[in-house]
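Colleague: To be precise about what I am sending: the file is called protein-v8.txt and holds compact mmCIF, C-alpha atoms.
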# COMPACT_ATOMS: atom_id res chain seq x y z
CA MET A 177 -27.55 -5.04 19.43
CA ILE A 178 -24.38 -3.02 19.06
CA PRO A 179 -24.77 -0.52 16.19
CA MET A 180 -22.47 -1.12 13.26
CA GLU A 181 -21.33 2.51 13.30
CA HIS A 182 -19.67 2.06 16.69
CA TYR A 183 -17.37 -0.64 15.34
CA LEU A 184 -16.53 1.65 12.41
CA ILE A 185 -15.79 4.59 14.72
CA VAL A 186 -13.42 2.45 16.82
CA SER A 187 -11.59 1.21 13.74
CA SER A 188 -11.33 4.69 12.20
CA ILE A 189 -9.87 6.06 15.44
CA MET A 190 -7.36 3.20 15.37
CA PHE A 191 -6.51 3.94 11.72
CA PHE A 192 -5.86 7.65 12.24
CA VAL A 193 -3.89 7.09 15.44
CA GLY A 194 -1.72 4.82 13.27
CA VAL A 195 -1.40 7.62 10.69
CA TYR A 196 -0.41 10.02 13.47
CA GLY A 197 2.28 7.62 14.69
CA PHE A 198 3.49 7.12 11.13
CA ILE A 199 3.98 10.88 10.76
CA THR A 200 5.50 11.68 14.14
CA ARG A 201 7.69 8.72 15.16
CA LYS A 202 11.29 8.52 14.08
CA ASN A 203 12.24 5.06 15.23
CA LEU A 204 11.77 2.61 12.36
CA LEU A 205 10.19 -0.01 14.64
CA ALA A 206 7.71 2.55 15.96
CA VAL A 207 6.76 3.37 12.36
CA LEU A 208 6.21 -0.35 11.78
CA ILE A 209 3.98 -0.55 14.89
CA SER A 210 1.89 2.30 13.43
CA ILE A 211 1.55 0.37 10.16
CA GLU A 212 0.34 -2.66 12.12
CA LEU A 213 -2.36 -0.51 13.75
CA ILE A 214 -3.51 0.72 10.33
CA LEU A 215 -3.68 -2.81 8.88
CA ASN A 216 -5.51 -4.07 11.95
CA SER A 217 -8.21 -1.41 11.70
CA VAL A 218 -8.79 -2.27 8.05
CA GLU A 219 -9.26 -5.92 8.95
CA ILE A 220 -11.84 -4.99 11.59
CA ASN A 221 -13.72 -3.01 8.93
CA PHE A 222 -13.75 -5.94 6.49
CA SER A 223 -15.24 -8.34 9.02
CA VAL A 224 -17.76 -5.82 10.37
CA PHE A 225 -19.11 -5.02 6.90
CA ASN A 226 -19.29 -8.74 6.17
CA ARG A 227 -21.15 -9.58 9.36
CA TYR A 228 -23.67 -6.74 9.35
CA LEU A 229 -24.43 -6.15 5.68
CA TYR A 230 -23.85 -9.55 4.04
CA PRO A 231 -24.15 -12.13 6.82
CA GLU A 232 -24.79 -15.00 4.39
CA HIS A 233 -21.39 -14.56 2.67
CA MET A 234 -17.84 -15.03 3.96
CA GLU A 235 -15.83 -12.71 1.70
CA GLY A 236 -14.97 -10.14 4.34
CA MET A 237 -13.71 -12.82 6.71
CA PHE A 238 -11.47 -14.26 3.98
CA PHE A 239 -10.12 -10.81 3.14
CA SER A 240 -9.27 -10.38 6.83
CA LEU A 241 -7.56 -13.78 6.94
CA PHE A 242 -5.45 -13.04 3.87
CA GLY A 243 -4.73 -9.56 5.19
CA ILE A 244 -3.41 -11.02 8.45
CA ALA A 245 -1.16 -13.42 6.53
CA ILE A 246 0.15 -10.66 4.23
CA SER A 247 0.87 -8.35 7.14
CA ALA A 248 2.80 -11.18 8.83
CA ALA A 249 4.94 -11.56 5.70
CA GLU A 250 5.42 -7.79 5.46
CA THR A 251 6.51 -7.56 9.10
CA ALA A 252 9.04 -10.37 8.72
CA VAL A 253 10.74 -8.69 5.74
CA ALA A 254 10.58 -5.23 7.32
CA ILE A 255 12.19 -6.44 10.53
CA ALA A 256 14.93 -8.19 8.56
CA ILE A 257 15.63 -4.92 6.75
CA ILE A 258 15.59 -2.95 10.01
CA ILE A 259 18.09 -5.34 11.64
CA ASN A 260 20.33 -5.00 8.59
CA VAL A 261 20.05 -1.20 8.73
CA TYR A 262 21.02 -1.31 12.40
CA ARG A 263 24.04 -3.41 11.54
CA LEU A 264 25.16 -0.95 8.84
CA ALA A 265 24.28 2.41 10.40
CA ASN A 266 24.23 1.49 14.12
CA ASN A 267 20.88 3.12 14.76
CA ILE A 268 17.36 2.94 13.40
CA ASP A 269 16.44 6.60 13.51
CA VAL A 270 14.89 7.72 10.23
CA ARG A 271 16.73 11.07 10.34
CA HIS A 272 20.14 9.42 10.39
CA ILE A 273 19.51 6.97 7.58
CA ASP A 274 20.17 9.22 4.63
CA LYS A 275 22.80 7.19 2.86
CA LEU A 276 22.03 4.06 0.89
CA LYS A 277 25.56 2.72 1.35
CA HIS A 278 28.56 3.78 3.34
CA MET B 250 -29.48 -9.94 29.59
CA GLY B 251 -26.80 -11.36 27.31
CA GLU B 252 -27.43 -8.40 25.04
CA ILE B 253 -26.49 -5.91 27.78
CA ALA B 254 -23.43 -7.97 28.70
CA ASN B 255 -22.34 -7.91 25.06
CA MET B 256 -22.68 -4.15 24.94
CA ILE B 257 -20.71 -3.68 28.16
CA VAL B 258 -17.93 -5.95 26.84
CA PHE B 259 -17.89 -4.09 23.52
CA TYR B 260 -17.64 -0.61 25.00
CA CYS B 261 -14.95 -1.69 27.49
CA MET B 262 -12.91 -3.21 24.66
CA ALA B 263 -13.46 -0.14 22.47
CA ALA B 264 -12.15 2.11 25.25
CA VAL B 265 -9.14 -0.16 25.83
CA ILE B 266 -8.40 -0.23 22.08
CA VAL B 267 -8.54 3.56 21.74
CA ILE B 268 -6.41 4.23 24.83
CA SER B 269 -3.82 1.54 24.11
CA SER B 270 -3.43 2.48 20.46
CA ILE B 271 -2.79 6.11 21.45
CA LEU B 272 -0.23 4.93 24.03
CA ALA B 273 1.36 2.57 21.51
CA VAL B 274 2.23 5.42 19.16
CA THR B 275 3.18 7.98 21.83
CA SER B 276 5.15 5.87 24.32
CA ARG B 277 8.86 6.69 24.20
CA ARG B 278 10.04 3.29 25.37
CA MET B 279 9.81 0.81 22.53
CA LEU B 280 9.06 -2.24 24.68
CA ARG B 281 6.09 -0.48 26.22
CA ALA B 282 4.86 0.50 22.76
CA ALA B 283 5.05 -3.17 21.73
CA THR B 284 3.12 -4.19 24.85
CA PHE B 285 0.36 -1.69 24.10
CA LEU B 286 0.23 -3.02 20.54
CA LEU B 287 -0.24 -6.50 22.03
CA ILE B 288 -3.20 -5.23 24.09
CA VAL B 289 -4.75 -3.67 20.97
CA LEU B 290 -4.36 -6.93 19.02
CA ILE B 291 -5.91 -9.04 21.80
CA CYS B 292 -8.88 -6.67 22.09
CA THR B 293 -9.30 -6.88 18.31
CA ALA B 294 -9.55 -10.65 18.66
CA GLY B 295 -12.25 -9.95 21.25
CA LEU B 296 -14.16 -7.85 18.71
CA TYR B 297 -13.99 -10.76 16.24
CA LEU B 298 -15.43 -13.02 18.94
CA LEU B 299 -18.29 -10.55 19.47
CA LEU B 300 -18.94 -10.69 15.72
CA ASN B 301 -19.02 -14.51 15.95
CA TYR B 302 -15.92 -14.97 13.79
CA HIS B 303 -14.30 -17.52 16.07
CA PHE B 304 -11.79 -18.82 13.52
CA LEU B 305 -10.69 -15.28 12.69
CA ALA B 306 -10.23 -14.51 16.39
CA VAL B 307 -8.02 -17.57 16.82
CA VAL B 308 -5.96 -16.65 13.74
CA GLN B 309 -5.60 -13.09 15.00
CA LEU B 310 -4.39 -14.31 18.40
CA SER B 311 -1.97 -16.91 17.08
CA VAL B 312 -0.51 -15.01 14.11
CA TYR B 313 -0.58 -11.42 15.36
CA ALA B 314 -0.34 -11.67 19.13
CA GLY B 315 1.75 -14.82 19.03
CA GLY B 316 3.97 -14.47 16.00
CA ILE B 317 4.37 -10.86 14.96
CA LEU B 318 4.71 -9.54 18.51
CA ILE B 319 7.56 -11.98 19.20
CA LEU B 320 9.32 -10.67 16.08
CA PHE B 321 8.81 -7.10 17.27
CA ILE B 322 10.14 -7.80 20.75
CA PHE B 323 13.21 -9.59 19.38
CA ALA B 324 13.89 -6.71 16.99
CA ILE B 325 13.48 -4.13 19.76
CA LEU B 326 15.84 -6.03 22.05
CA LEU B 327 18.38 -6.43 19.23
CA THR B 328 18.37 -2.79 18.17
CA SER B 329 18.20 -0.80 21.41
CA ALA B 330 20.40 -0.58 24.48
CA LYS B 331 19.04 -1.03 28.00
CA GLY B 332 16.85 1.85 29.19
CA ASP B 333 17.04 3.39 25.76
CA ARG B 334 14.39 5.97 24.95
CA THR B 335 13.54 7.28 21.56
CA GLU B 336 14.21 10.99 21.20
CA SER B 337 11.46 13.45 21.92
CA GLN B 338 9.31 14.38 18.97
CA ASP B 339 9.51 17.79 17.41
CA THR B 340 6.48 20.02 17.70
CA LYS B 341 6.14 20.70 13.98
CA ARG B 342 5.56 17.06 13.16
CA MET B 343 3.27 16.63 16.17
CA VAL B 344 1.14 19.54 14.95
CA SER B 345 0.90 18.18 11.41
CA GLY B 346 0.22 14.65 12.70
CA GLY B 347 -2.41 15.98 15.11
CA LEU B 348 -4.08 17.89 12.31
CA ALA B 349 -4.15 14.75 10.17
CA LEU B 350 -5.56 12.79 13.13
CA VAL B 351 -8.34 15.24 13.97
CA ALA B 352 -9.29 15.96 10.35
CA GLY B 353 -9.27 12.28 9.38
CA ILE B 354 -11.31 11.13 12.37
CA GLY B 355 -13.71 14.03 11.89
CA ILE B 356 -14.35 13.33 8.23
CA THR B 357 -14.70 9.55 8.57
CA VAL B 358 -16.92 9.68 11.67
CA TRP B 359 -19.11 12.34 10.06
CA ALA B 360 -19.44 10.26 6.89
CA THR B 361 -20.12 7.08 8.90
CA LEU B 362 -22.82 8.65 11.03
CA LYS B 363 -24.41 10.47 8.09
CA HIS B 364 -24.74 7.34 5.98
CA LYS B 365 -27.64 5.08 6.83
CA PHE B 366 -26.52 1.46 6.77
CA LEU B 367 -29.34 -0.91 5.98
CA TYR B 368 -29.11 -3.97 8.13
CA GLY B 369 -31.90 -5.71 9.92
CA ASP B 370 -31.78 -7.56 13.21
CA ASN B 371 -30.35 -10.58 11.49
CA LEU B 372 -29.90 -13.70 13.52
CA THR B 373 -26.18 -14.14 12.89
CA ILE B 374 -25.39 -10.92 14.76
CA LEU B 375 -27.73 -11.65 17.64
CA GLY B 376 -27.31 -15.37 17.92
CA ASP B 377 -24.35 -17.49 18.88
CA GLN B 378 -23.98 -19.54 15.74
CA GLU B 379 -20.50 -19.41 14.31
CA ILE B 380 -19.47 -20.29 10.77
CA ASN B 381 -18.97 -23.99 10.35
CA MET B 382 -15.29 -24.93 10.18
CA LYS B 383 -16.02 -27.31 7.31
CA GLU B 384 -17.54 -24.46 5.31
CA ILE B 385 -14.45 -22.30 5.82
CA GLY B 386 -12.14 -25.11 4.76
CA ASN B 387 -14.18 -25.89 1.65
CA ALA B 388 -14.28 -22.22 0.62
CA MET B 389 -10.56 -21.88 1.15
CA ILE B 390 -9.51 -24.73 -1.09
CA GLY B 391 -12.35 -24.68 -3.61
CA THR B 392 -12.08 -23.41 -7.16
CA GLY B 393 -15.65 -22.23 -7.77
CA LYS B 394 -17.29 -18.86 -7.27
CA TYR B 395 -16.54 -17.32 -3.84
CA GLU B 396 -13.81 -19.89 -3.28
CA TYR B 397 -10.21 -19.06 -2.79
CA LEU B 398 -7.78 -21.77 -3.86
CA LEU B 399 -5.77 -19.45 -6.13
CA SER B 400 -5.24 -16.73 -3.53
CA PHE B 401 -4.50 -19.38 -0.89
CA GLU B 402 -1.74 -20.89 -3.00
CA ALA B 403 -0.40 -17.47 -4.05
CA LEU B 404 -0.24 -16.57 -0.37
CA SER B 405 1.71 -19.70 0.46
CA VAL B 406 4.26 -18.83 -2.27
CA LEU B 407 4.39 -15.26 -0.90
CA LEU B 408 5.10 -16.52 2.62
CA LEU B 409 7.84 -18.84 1.35
CA THR B 410 9.42 -15.98 -0.61
CA CYS B 411 9.27 -13.73 2.43
CA ALA B 412 10.92 -16.34 4.65
CA ILE B 413 13.75 -16.82 2.14
CA GLY B 414 14.07 -13.06 1.60
CA ALA B 415 14.17 -12.30 5.33
CA ILE B 416 16.91 -14.87 5.89
CA LEU B 417 18.88 -13.54 2.91
CA ILE B 418 18.62 -9.91 4.02
CA ALA B 419 19.33 -10.37 7.69
CA ARG B 420 22.10 -12.95 7.63
CA LYS B 421 25.63 -11.92 8.54
CA ARG B 422 28.03 -11.48 5.64
Could you write out this structure as C-alpha cells?
Modeller:
Amino acid sequence: MIPMEHYLIVSSIMFFVGVYGFITRKNLLAVLISIELILNSVEINFSVFNRYLYPEHMEGMFFSLFGIAISAAETAVAIAIIINVYRLANNIDVRHIDKLKH
Amino acid sequence: MGEIANMIVFYCMAAVIVISSILAVTSRRMLRAATFLLIVLICTAGLYLLLNYHFLAVVQLSVYAGGILILFIFAILLTSAKGDRTESQDTKRMVSGGLALVAGIGITVWATLKHKFLYGDNLTILGDQEINMKEIGNAMIGTGKYEYLLSFEALSVLLLTCAIGAILIARKR
C-alpha cells in the first residue's frame, strides 16, 4: 500500500512550485498557470485525506469537485480580463501594467 | 502483484508530476508551459484513479484537461506573437522564489513526516471498489446532513455569473 505521506509530499512539492512560479513569472498567463498548480495540489490533498483517514465519508471528494468547478469559473474570468488587458495595453507583462486606464 | 504495479505507477506519476510542474513554471515559451500543465493535470487524474475516485478522475480530465487547457491555449495564441518568448527572469526574484520554495517544501515535508497519521489497511484503499454513482448523485442533490444541494445550486449560479461576466469583460466595445 502506498503510504499517505507520499501523496502529501507530491502535492506539497506541486504547491510550492506553484508559489515559486507565482513569485518569479511576469507574464499574466504564466501567473495563472501557477495558480492552477496550487489549486490542483489542494484538491489532491482533499481527496487523499478523505480516502485514507475517513474512507466511509465522501466530503473530501465533494470539496475537490466543487474546487474544480470554482477554479474553472475563476480561470474563465481571469482569461477574459487578461484578453481585455492585452487589448488596452498591448502586452500582458505585469511590469508594464501600472496604469488602470490610459 | 497488483500492489507492486500500483506502487510503480504511483512513483512514475509522482516523478512526472514533479518534473512537469517545475518545467511548467520555468519554461519561457508559453505554449510549452501550457503543455506541461496539461501533463500535470492528466497525471493528477491518474492519482485520483489510484485512490479509486473514478468520478473525480473523469471530472478532472473533462473540466481541467479538456476545458481549462483549451481556454489557456486560446488565450496564449491570442496574446503572443509567433515564436514569442517571455523575458528572462531577474535573479532577485528567482532567489526569493527559490527561498520560498525550499523553505515551504522543507517545513511541510518535515511536518508531514513527523506527524503519525492513523489509518489502517482499510479495504477501500486496497480494493477496487469505487463509490457508487447513485450515492454520489444522491449526496449531491440531497438536503440532509452531508448532502450538498445548496452548494450545488450556489455553484451553478456562480458559473452562470462567471459566463456572463467573462462575455461582458472580453467583448469588443
Colleague: Box for region 404-420 of chain B: with edges along x, y and z, all listed atoms inside and 8 Å added on each side, what are the centre and edge lengths in Å to one decimal, as JSON?
Modeller:
{"center_x": 10.9, "center_y": -14.8, "center_z": 2.7, "size_x": 38.3, "size_y": 25.8, "size_z": 26.0}
Colleague: Which is closest to chain A among B:Ser400, B:Leu287, B:Cys292, B:Ala415, if we use all atoms listed in the file?
Modeller: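 For chain A, the nearest of the candidates is B:Ala415.
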Colleague: Taking (-15.8, -3.6, 10.9) in the file's own coordinates, collect the residues within 10 Å, counting only C-alpha atoms, and hand them back as an mmCIF file with C-alpha atoms, keeping the file's coordinate frame.
Modeller:
data_model
loop_
_atom_site.group_PDB
_atom_site.id
_atom_site.type_symbol
_atom_site.label_atom_id
_atom_site.label_comp_id
_atom_site.auth_asym_id
_atom_site.auth_seq_id
_atom_site.Cartn_x
_atom_site.Cartn_y
_atom_site.Cartn_z
ATOM 1 C CA MET A 180 -22.470 -1.120 13.260
ATOM 2 C CA GLU A 181 -21.330 2.510 13.300
ATOM 3 C CA HIS A 182 -19.670 2.060 16.690
ATOM 4 C CA TYR A 183 -17.370 -0.640 15.340
ATOM 5 C CA LEU A 184 -16.530 1.650 12.410
ATOM 6 C CA ILE A 185 -15.790 4.590 14.720
ATOM 7 C CA VAL A 186 -13.420 2.450 16.820
ATOM 8 C CA SER A 187 -11.590 1.210 13.740
ATOM 9 C CA SER A 188 -11.330 4.690 12.200
ATOM 10 C CA SER A 217 -8.210 -1.410 11.700
ATOM 11 C CA VAL A 218 -8.790 -2.270 8.050
ATOM 12 C CA GLU A 219 -9.260 -5.920 8.950
ATOM 13 C CA ILE A 220 -11.840 -4.990 11.590
ATOM 14 C CA ASN A 221 -13.720 -3.010 8.930
ATOM 15 C CA PHE A 222 -13.750 -5.940 6.490
ATOM 16 C CA SER A 223 -15.240 -8.340 9.020
ATOM 17 C CA VAL A 224 -17.760 -5.820 10.370
ATOM 18 C CA PHE A 225 -19.110 -5.020 6.900
ATOM 19 C CA ASN A 226 -19.290 -8.740 6.170
ATOM 20 C CA ARG A 227 -21.150 -9.580 9.360
ATOM 21 C CA TYR A 228 -23.670 -6.740 9.350
ATOM 22 C CA GLY A 236 -14.970 -10.140 4.340
ATOM 23 C CA LEU B 296 -14.160 -7.850 18.710
ATOM 24 C CA TYR B 297 -13.990 -10.760 16.240
ATOM 25 C CA LEU B 300 -18.940 -10.690 15.720
#
Colleague: Please tabulate, as JSON lines, the residues of chain A that come within 8 Å of chain B, each with its closest pair of atoms and the distance in Å to one decimal, counting all atoms listed in the file and ordering rows by chain, then residue number upward.
Modeller:
{"residue": "A:Met177", "atom": "CA", "partner": "B:Glu252", "partner_atom": "CA", "distance": 6.5}
{"residue": "A:Ile178", "atom": "CA", "partner": "B:Met256", "partner_atom": "CA", "distance": 6.2}
{"residue": "A:Glu181", "atom": "CA", "partner": "B:Thr361", "partner_atom": "CA", "distance": 6.5}
{"residue": "A:Leu184", "atom": "CA", "partner": "B:Thr361", "partner_atom": "CA", "distance": 7.4}
{"residue": "A:Ile185", "atom": "CA", "partner": "B:Val358", "partner_atom": "CA", "distance": 6.0}
{"residue": "A:Val186", "atom": "CA", "partner": "B:Ala263", "partner_atom": "CA", "distance": 6.2}
{"residue": "A:Ser188", "atom": "CA", "partner": "B:Ile354", "partner_atom": "CA", "distance": 6.4}
{"residue": "A:Ile189", "atom": "CA", "partner": "B:Ile354", "partner_atom": "CA", "distance": 6.1}
{"residue": "A:Met190", "atom": "CA", "partner": "B:Ser270", "partner_atom": "CA", "distance": 6.5}
{"residue": "A:Phe192", "atom": "CA", "partner": "B:Leu350", "partner_atom": "CA", "distance": 5.2}
{"residue": "A:Val193", "atom": "CA", "partner": "B:Ile271", "partner_atom": "CA", "distance": 6.2}
{"residue": "A:Gly194", "atom": "CA", "partner": "B:Val274", "partner_atom": "CA", "distance": 7.1}
{"residue": "A:Val195", "atom": "CA", "partner": "B:Leu350", "partner_atom": "CA", "distance": 7.1}
{"residue": "A:Tyr196", "atom": "CA", "partner": "B:Gly346", "partner_atom": "CA", "distance": 4.7}
{"residue": "A:Gly197", "atom": "CA", "partner": "B:Val274", "partner_atom": "CA", "distance": 5.0}
{"residue": "A:Ile199", "atom": "CA", "partner": "B:Gly346", "partner_atom": "CA", "distance": 5.7}
{"residue": "A:Thr200", "atom": "CA", "partner": "B:Arg342", "partner_atom": "CA", "distance": 5.5}
{"residue": "A:Arg201", "atom": "CA", "partner": "B:Gln338", "partner_atom": "CA", "distance": 7.0}
{"residue": "A:Lys202", "atom": "CA", "partner": "B:Gln338", "partner_atom": "CA", "distance": 7.9}
{"residue": "A:Asn203", "atom": "CA", "partner": "B:Thr335", "partner_atom": "CA", "distance": 6.8}
{"residue": "A:Leu205", "atom": "CA", "partner": "B:Ile325", "partner_atom": "CA", "distance": 7.3}
{"residue": "A:Ala206", "atom": "CA", "partner": "B:Val274", "partner_atom": "CA", "distance": 7.0}
{"residue": "A:Ile209", "atom": "CA", "partner": "B:Leu286", "partner_atom": "CA", "distance": 7.2}
{"residue": "A:Ser210", "atom": "CA", "partner": "B:Val274", "partner_atom": "CA", "distance": 6.5}
{"residue": "A:Leu213", "atom": "CA", "partner": "B:Ser270", "partner_atom": "CA", "distance": 7.4}
{"residue": "A:Asn216", "atom": "CA", "partner": "B:Leu290", "partner_atom": "CA", "distance": 7.7}
{"residue": "A:Ile220", "atom": "CA", "partner": "B:Thr293", "partner_atom": "CA", "distance": 7.4}
{"residue": "A:Ser223", "atom": "CA", "partner": "B:Tyr297", "partner_atom": "CA", "distance": 7.7}
{"residue": "A:Val224", "atom": "CA", "partner": "B:Leu300", "partner_atom": "CA", "distance": 7.3}
{"residue": "A:Arg227", "atom": "CA", "partner": "B:Leu300", "partner_atom": "CA", "distance": 6.8}
{"residue": "A:Tyr228", "atom": "CA", "partner": "B:Tyr368", "partner_atom": "CA", "distance": 6.2}
{"residue": "A:Leu229", "atom": "CA", "partner": "B:Tyr368", "partner_atom": "CA", "distance": 5.7}
{"residue": "A:Pro231", "atom": "CA", "partner": "B:Thr373", "partner_atom": "CA", "distance": 6.7}
{"residue": "A:Glu235", "atom": "CA", "partner": "B:Tyr395", "partner_atom": "CA", "distance": 7.2}
{"residue": "A:Met237", "atom": "CA", "partner": "B:Leu305", "partner_atom": "CA", "distance": 7.1}
{"residue": "A:Ser240", "atom": "CA", "partner": "B:Leu305", "partner_atom": "CA", "distance": 7.8}
{"residue": "A:Leu241", "atom": "CA", "partner": "B:Leu305", "partner_atom": "CA", "distance": 6.7}
{"residue": "A:Phe242", "atom": "CA", "partner": "B:Leu404", "partner_atom": "CA", "distance": 7.6}
{"residue": "A:Ile244", "atom": "CA", "partner": "B:Gln309", "partner_atom": "CA", "distance": 7.2}
{"residue": "A:Ala245", "atom": "CA", "partner": "B:Leu404", "partner_atom": "CA", "distance": 7.6}
{"residue": "A:Ile246", "atom": "CA", "partner": "B:Leu404", "partner_atom": "CA", "distance": 7.5}
{"residue": "A:Ala248", "atom": "CA", "partner": "B:Ile317", "partner_atom": "CA", "distance": 6.3}
{"residue": "A:Ala249", "atom": "CA", "partner": "B:Leu408", "partner_atom": "CA", "distance": 5.8}
{"residue": "A:Glu250", "atom": "CA", "partner": "B:Cys411", "partner_atom": "CA", "distance": 7.7}
{"residue": "A:Thr251", "atom": "CA", "partner": "B:Ile317", "partner_atom": "CA", "distance": 7.1}
{"residue": "A:Ala252", "atom": "CA", "partner": "B:Ala415", "partner_atom": "CA", "distance": 6.4}
{"residue": "A:Val253", "atom": "CA", "partner": "B:Ala415", "partner_atom": "CA", "distance": 5.0}
{"residue": "A:Ile255", "atom": "CA", "partner": "B:Ala324", "partner_atom": "CA", "distance": 6.7}
{"residue": "A:Ala256", "atom": "CA", "partner": "B:Ala419", "partner_atom": "CA", "distance": 5.0}
{"residue": "A:Ile257", "atom": "CA", "partner": "B:Ile418", "partner_atom": "CA", "distance": 6.4}
{"residue": "A:Ile259", "atom": "CA", "partner": "B:Ala419", "partner_atom": "CA", "distance": 6.5}
{"residue": "A:Asn260", "atom": "CA", "partner": "B:Ala419", "partner_atom": "CA", "distance": 5.5}
{"residue": "A:Tyr262", "atom": "CA", "partner": "B:Thr328", "partner_atom": "CA", "distance": 6.5}
{"residue": "A:Asn267", "atom": "CA", "partner": "B:Thr328", "partner_atom": "CA", "distance": 7.3}
{"residue": "A:Ile268", "atom": "CA", "partner": "B:Thr328", "partner_atom": "CA", "distance": 7.5}
Colleague: Counting all atoms listed in the file, find residues at most 12 Å from (14.4, 4.4, 2.5) (file frame) and give them as a list of chain:residue names.
Modeller: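 Collected hits near the coordinates: A:Leu204, A:Ala254, A:Ile257, A:Ile258, A:Val261, A:Ile268, A:Asp269, A:Val270, A:Arg271, A:His272, A:Ile273, A:Asp274, A:Lys275, A:Leu276, A:Lys277.
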Colleague: Residues as selected, C-alpha atoms, written as a short mmCIF file (atom, residue, chain, number, x, y, z; two decimals), keeping the file's coordinate frame, can you do that?
Modeller:
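out28.cif, written as the output of this step:
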data_model
loop_
_atom_site.label_atom_id
_atom_site.label_comp_id
_atom_site.auth_asym_id
_atom_site.auth_seq_id
_atom_site.Cartn_x
_atom_site.Cartn_y
_atom_site.Cartn_z
CA LEU A 204 11.77 2.61 12.36
CA ALA A 254 10.58 -5.23 7.32
CA ILE A 257 15.63 -4.92 6.75
CA ILE A 258 15.59 -2.95 10.01
CA VAL A 261 20.05 -1.20 8.73
CA ILE A 268 17.36 2.94 13.40
CA ASP A 269 16.44 6.60 13.51
CA VAL A 270 14.89 7.72 10.23
CA ARG A 271 16.73 11.07 10.34
CA HIS A 272 20.14 9.42 10.39
CA ILE A 273 19.51 6.97 7.58
CA ASP A 274 20.17 9.22 4.63
CA LYS A 275 22.80 7.19 2.86
CA LEU A 276 22.03 4.06 0.89
CA LYS A 277 25.56 2.72 1.35
#
Colleague: What does the distance between CA of Leu399 (chain B) and CA of Glu212 (chain A) come to in Å, to one decimal place?
Modeller: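 Value for the CA of Leu399 (chain B)-CA of Glu212 (chain A) distance: 25.5 Å.
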Colleague: So how many Å separate CA of His233 (chain A) and CA of Val265 (chain B), to one decimal?
Modeller: 29.9 Å
Colleague: One number please: CA of Val258 (chain B) to CA of Phe198 (chain A), in Å, one decimal.
Modeller: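 So the answer is 29.6 Å.
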